[in-house]
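Enquirer: Below you'll find final.txt; it's compact mmCIF, C-alpha atoms.
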# COMPACT_ATOMS: atom_id res chain seq x y z
CA MET G 1 8.04 -11.63 -12.75
CA ASP G 2 7.41 -15.36 -12.39
CA THR G 3 10.94 -16.25 -13.49
CA MET G 4 13.03 -13.84 -11.40
CA THR G 5 15.96 -15.14 -9.41
CA ALA G 6 17.29 -13.52 -6.29
CA PRO G 7 19.64 -10.70 -7.40
CA ASP G 8 23.02 -10.26 -5.73
CA ASP G 9 23.28 -6.46 -5.68
CA SER G 10 21.16 -3.63 -4.32
CA THR G 11 20.58 -1.92 -7.69
CA THR G 12 19.26 -5.08 -9.34
CA LEU G 13 17.15 -6.12 -6.35
CA SER G 14 15.69 -2.62 -5.99
CA ARG G 15 14.91 -2.50 -9.74
CA GLU G 16 13.21 -5.94 -9.61
CA ILE G 17 11.10 -4.91 -6.61
CA TRP G 18 10.02 -1.57 -8.09
CA ASN G 19 9.25 -3.17 -11.47
CA ALA G 20 7.01 -5.68 -9.69
CA LEU G 21 5.31 -2.93 -7.66
CA GLN G 22 4.67 -0.84 -10.79
CA HIS G 23 3.22 -3.89 -12.58
CA ALA G 24 0.97 -4.51 -9.57
CA VAL G 25 -0.57 -1.05 -10.02
CA VAL G 26 -1.72 -1.79 -13.59
CA ARG G 27 -2.33 -5.55 -13.51
CA ARG G 28 -5.39 -6.53 -11.48
CA ASP G 29 -4.17 -10.14 -11.24
CA HIS G 30 -0.75 -9.23 -9.87
CA ARG G 31 -0.32 -10.66 -6.35
CA TRP G 32 1.38 -7.52 -5.04
CA ARG G 33 -1.65 -5.39 -6.00
CA THR G 34 -3.34 -6.07 -2.65
CA PRO G 35 -0.85 -5.86 0.22
CA VAL G 36 -1.72 -5.98 3.90
CA LEU G 37 -1.39 -2.64 5.68
CA ALA G 38 -0.51 -2.93 9.37
CA THR G 39 -1.01 0.02 11.73
CA THR G 40 -1.56 0.35 15.48
CA ASP G 41 -4.78 1.44 17.16
CA ALA G 42 -5.11 3.93 20.04
CA GLU G 43 -4.32 1.20 22.58
CA GLY G 44 -1.17 0.16 20.71
CA VAL G 45 -2.77 -3.03 19.38
CA PRO G 46 -1.78 -4.08 15.84
CA ASP G 47 -4.51 -3.61 13.23
CA ALA G 48 -4.17 -5.05 9.73
CA ARG G 49 -6.25 -4.97 6.56
CA THR G 50 -5.87 -5.50 2.83
CA VAL G 51 -5.56 -2.39 0.65
CA VAL G 52 -5.23 -1.82 -3.10
CA LEU G 53 -1.97 -0.41 -4.45
CA ARG G 54 -2.72 2.59 -6.72
CA ALA G 55 0.76 3.96 -7.47
CA ALA G 56 4.41 3.00 -6.99
CA ASP G 57 7.13 5.56 -7.65
CA PRO G 58 10.76 4.41 -7.47
CA VAL G 59 12.06 7.98 -7.85
CA THR G 60 10.28 9.28 -4.74
CA GLN G 61 10.39 5.85 -3.07
CA SER G 62 6.65 6.04 -2.41
CA LEU G 63 3.52 3.94 -2.66
CA ARG G 64 -0.08 5.20 -2.85
CA VAL G 65 -3.38 3.79 -1.61
CA PHE G 66 -6.90 5.27 -1.61
CA SER G 67 -9.13 5.22 1.46
CA ASP G 68 -12.24 6.67 3.01
CA ARG G 69 -10.99 9.49 5.22
CA ARG G 70 -13.36 8.34 8.00
CA SER G 71 -11.87 4.83 8.19
CA PRO G 72 -10.03 3.65 11.32
CA LYS G 73 -6.76 3.25 9.39
CA VAL G 74 -6.76 6.97 8.52
CA VAL G 75 -7.35 7.93 12.15
CA GLN G 76 -4.55 5.55 13.18
CA LEU G 77 -2.11 6.89 10.58
CA LYS G 78 -2.79 10.48 11.59
CA ARG G 79 -1.97 9.56 15.18
CA ASN G 80 1.04 7.39 14.29
CA PRO G 81 2.25 7.58 10.66
CA GLU G 82 4.59 4.59 11.03
CA ALA G 83 3.18 1.48 9.32
CA VAL G 84 4.14 -1.65 7.41
CA LEU G 85 2.89 -2.93 4.06
CA VAL G 86 3.31 -6.68 3.48
CA PHE G 87 3.27 -8.12 -0.04
CA TRP G 88 3.28 -11.84 -0.92
CA CYS G 89 3.76 -13.42 -4.36
CA PRO G 90 3.13 -17.19 -4.35
CA GLN G 91 4.48 -17.63 -7.90
CA LEU G 92 7.87 -16.28 -6.84
CA ASN G 93 7.71 -17.25 -3.18
CA TRP G 94 8.74 -13.68 -2.40
CA GLN G 95 7.56 -11.71 0.62
CA LEU G 96 8.19 -7.97 0.71
CA ARG G 97 7.78 -5.94 3.88
CA ALA G 98 7.88 -2.18 3.38
CA ARG G 99 8.35 -0.08 6.51
CA VAL G 100 6.74 3.25 5.66
CA ALA G 101 5.86 6.71 6.95
CA ALA G 102 2.35 7.76 5.90
CA GLN G 103 0.93 11.09 4.86
CA VAL G 104 -2.84 11.56 4.57
CA ASP G 105 -4.06 13.81 1.75
CA GLU G 106 -7.65 14.89 2.39
CA SER G 107 -7.72 18.03 0.26
CA SER G 108 -5.36 18.88 -2.54
CA GLU G 109 -5.35 19.49 -6.27
CA GLN G 110 -3.99 15.95 -6.73
CA LEU G 111 -6.91 14.53 -4.72
CA ASP G 112 -9.38 16.55 -6.82
CA GLN G 113 -7.85 15.08 -9.99
CA ILE G 114 -8.04 11.55 -8.62
CA TRP G 115 -11.68 12.06 -7.60
CA ALA G 116 -12.50 13.38 -11.08
CA GLY G 117 -11.25 10.06 -12.46
CA ILE G 118 -13.24 7.99 -9.94
CA ARG G 119 -16.49 9.95 -9.65
CA GLU G 120 -18.11 8.45 -12.78
CA THR G 121 -17.13 4.85 -11.95
CA GLY G 122 -18.72 2.24 -9.74
CA ALA G 123 -15.90 2.75 -7.23
CA ALA G 124 -17.27 6.22 -6.41
CA ALA G 125 -20.01 4.64 -4.29
CA ASP G 126 -17.35 3.48 -1.81
CA TYR G 127 -16.60 7.11 -0.95
CA LEU G 128 -20.19 8.45 -1.00
CA THR G 129 -21.77 6.44 1.81
CA ALA G 130 -23.43 8.27 4.68
CA GLU G 131 -21.74 5.92 7.14
CA ALA G 132 -18.05 5.62 7.81
CA PRO G 133 -16.34 2.25 7.19
CA GLY G 134 -17.19 -0.10 10.04
CA ASP G 135 -20.33 1.82 11.10
CA ALA G 136 -23.68 0.04 11.38
CA LEU G 137 -25.74 0.35 8.21
CA SER G 138 -28.57 2.86 8.20
CA SER G 139 -31.17 4.01 5.73
CA GLN G 140 -29.52 7.38 5.19
CA ALA G 141 -29.25 8.59 1.64
CA PRO G 142 -25.80 8.57 0.04
CA ARG G 143 -23.74 11.75 0.05
CA ALA G 144 -23.74 14.08 -2.93
CA ALA G 145 -20.83 13.46 -5.34
CA ASP G 146 -19.14 16.71 -4.30
CA GLU G 147 -19.15 15.50 -0.66
CA HIS G 148 -17.00 12.42 -1.18
CA ALA G 149 -14.88 10.93 1.60
CA LEU G 150 -11.94 9.87 -0.59
CA CYS G 151 -8.45 10.50 0.69
CA VAL G 152 -5.02 9.44 -0.55
CA LEU G 153 -2.54 7.64 1.67
CA GLU G 154 1.00 8.35 0.50
CA PHE G 155 3.60 5.99 1.95
CA ARG G 156 7.29 6.96 1.90
CA ILE G 157 9.50 3.88 2.03
CA GLN G 158 11.87 3.79 5.00
CA SER G 159 13.15 0.27 4.34
CA LEU G 160 12.33 -2.82 2.29
CA ASP G 161 12.81 -6.35 3.64
CA CYS G 162 12.61 -8.99 0.92
CA LEU G 163 12.45 -12.70 1.73
CA MET G 164 12.99 -14.95 -1.31
CA LEU G 165 12.06 -18.57 -0.66
CA SER G 166 13.63 -21.19 -2.92
CA ARG G 167 14.40 -24.91 -2.95
CA GLU G 168 18.00 -23.94 -3.73
CA GLY G 169 18.15 -21.92 -0.52
CA HIS G 170 16.23 -19.06 0.99
CA ARG G 171 17.62 -15.54 0.79
CA ARG G 172 16.69 -12.37 2.61
CA ALA G 173 17.83 -8.80 2.10
CA ARG G 174 17.05 -5.40 3.54
CA LEU G 175 17.29 -2.27 1.40
CA GLU G 176 17.62 0.96 3.36
CA ASP G 177 18.98 4.29 2.17
CA GLY G 178 20.31 2.62 -0.99
CA HIS G 179 22.30 0.05 0.97
CA LEU G 180 21.77 -3.69 0.70
CA VAL G 181 22.29 -5.91 3.73
CA TRP G 182 21.93 -9.66 3.39
CA LEU G 183 20.15 -11.21 6.37
CA THR G 184 19.62 -14.67 7.75
CA PRO G 185 16.33 -15.84 6.25
For the structure just supplied, provide its representation as structure tokens.

Expert:
Amino acid sequence: MDTMTAPDDSTTLSREIWNALQHAVVRRDHRWRTPVLATTDAEGVPDARTVVLRAADPVTQSLRVFSDRRSPKVVQLKRNPEAVLVFWCPQLNWQLRARVAAQVDESSEQLDQIWAGIRETGAAADYLTAEAPGDALSSQAPRAADEHALCVLEFRIQSLDCLMLSREGHRRARLEDGHLVWLTP
């Protein structure tokens, strides 16, 4: 990924972006592994936080993130599923903004399978706390493993905006519905 140049067509650019996103899922050191998720709170104020990319599927044009179902971002996405994920790669000088529509999965067979893979790891503790994310700490005992608070956030891509910074000249493109539009950087 460190040697990519800005492609000239939508197929190549889309393939480069999805390859990078899929690598970010499996490579912990990949810069696109931890994008910023921006939502809006109940007052319409922007709210942003870093999340960990867990899956990227070019066929369904979707990205996946795990969360505690009690977290503010889940409440916000249930109220307004429109959000933006922002990725930055300093090696490439590429910024990717993905405008997405979110779906929250709090109980499904897929979620049960994901939990089965997490429950015996150290990460399980993140979803077994008595308190919700952002709550004051208490001395309550952790939840039982079958009472986890894990949920899956599935993001369907609506559009991708890719800014490619370069000494030879910046380039910017938007991919939407399979169409590429070059934009002023």

Enquirer: Using atom CA of G:Pro133 and atom CA of G:Ala149 as the two end points, give the distance in Å to one decimal.

Expert: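 Between atom CA of G:Pro133 and atom CA of G:Ala149 the gap is 10.4 Å.
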
Enquirer: Would you mind listing what lies within 12 Å of G:His23 as a PyMOL selection string, with only C-alpha atoms counted and same-chain residues fewer than 5 positions away left out?

Expert: chain G and resi 1+16-18+28-33+53-57

Enquirer: Quick one: everything within 8 Å of G:Leu153, counting only C-alpha atoms, minus sequence neighbours fewer than 5 positions away in the same chain. Send it as a PyMOL selection string.

Expert: chain G and resi 64-67+102-105

Enquirer: Skip G:Arg174 itself and residues of its chain fewer than 5 positions away, then list as a list in words all residues within 9 Å of it, counting all atoms listed in the file.

Expert: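 Those residues are Ser159, Leu160, Asp161, Cys162, Leu163, His179, Leu180, Val181, Trp182 and Leu183 of chain G.
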
Enquirer: May I have the residues within 10 Å of stretch 119-128 of chain G as an MDAnalysis selection string, using all atoms listed in the file and disregarding those fewer than 3 positions away in the same chain?

Expert: chainID G and resid 66:70 114:116 131:133 141:151

Enquirer: Using only C-alpha atoms for the distances, tell me which of G:Ala101, G:Ala38, G:Val51, G:Leu63 is nearest to G:Val84.

Expert: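 For G:Val84, the nearest of the candidates is G:Ala38.
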
Enquirer: Would you be able to write out as a PyMOL selection string which residues have an atom within 7 Å of (4.8, 3.5, -0.7) in the file's coordinates, counting only C-alpha atoms?

Expert: chain G and resi 56+61-64+100+154-157

Enquirer: For the residues in that selection, give me C-alpha atoms as an mmCIF file, keeping the file's coordinate frame.

Expert:
data_model
loop_
_atom_site.group_PDB
_atom_site.id
_atom_site.type_symbol
_atom_site.label_atom_id
_atom_site.label_comp_id
_atom_site.auth_asym_id
_atom_site.auth_seq_id
_atom_site.Cartn_x
_atom_site.Cartn_y
_atom_site.Cartn_z
ATOM 1 C CA ALA G 56 4.410 3.000 -6.990
ATOM 2 C CA GLN G 61 10.390 5.850 -3.070
ATOM 3 C CA SER G 62 6.650 6.040 -2.410
ATOM 4 C CA LEU G 63 3.520 3.940 -2.660
ATOM 5 C CA ARG G 64 -0.080 5.200 -2.850
ATOM 6 C CA VAL G 100 6.740 3.250 5.660
ATOM 7 C CA GLU G 154 1.000 8.350 0.500
ATOM 8 C CA PHE G 155 3.600 5.990 1.950
ATOM 9 C CA ARG G 156 7.290 6.960 1.900
ATOM 10 C CA ILE G 157 9.500 3.880 2.030
#

Enquirer: Please determine, counting only C-alpha atoms, which residue among G:Thr50, G:Ser108, G:Ser166, G:Ser139 has the shortest atom-to-atom distance to G:Gln95.

Expert: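 The shortest atom-to-atom distance to G:Gln95 comes from G:Ser166.
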
Enquirer: Identify which of the residues G:Val52, G:Ala42, G:Leu96, G:Ala83 lies closest to G:Ala20, counting only C-alpha atoms when measuring atom-to-atom distances.

Expert: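 Checking each candidate against G:Ala20, we get G:Leu96 as the closest.
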
Enquirer: Adding 6 Å on each side of the box along x, y and z that holds all listed atoms of stretch 176-184 of chain G, could you give its centre and edge lengths in Å to one decimal, as JSON?

Expert:
{"center_x": 20.0, "center_y": -5.2, "center_z": 3.4, "size_x": 16.7, "size_y": 31.0, "size_z": 20.7}

Enquirer: In Å, with one decimal, what is the gap from atom CA of G:Ala98 to atom CA of G:Asp47?

Expert: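 The value is 15.9 Å.
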
Enquirer: My list of candidates is G:Gly44, G:Arg99, G:Gly169, G:Glu106. Which is closest to G:Asn80 when distances are computed with only C-alpha atoms?

Expert: G:Gly44

Enquirer: Using only C-alpha atoms, can you tell me which of G:Pro58, G:Arg97, G:Glu168, G:Thr39 comes closest to G:Pro81?

Expert: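 When distances to G:Pro81 are compared using only C-alpha atoms, the smallest one comes from G:Thr39.
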
Enquirer: Record the distance separating atom CA of G:Glu82 and atom CA of G:Leu13, expressed in Å with one decimal.

Expert: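 Computing it gives 24.0 Å between the two atoms.
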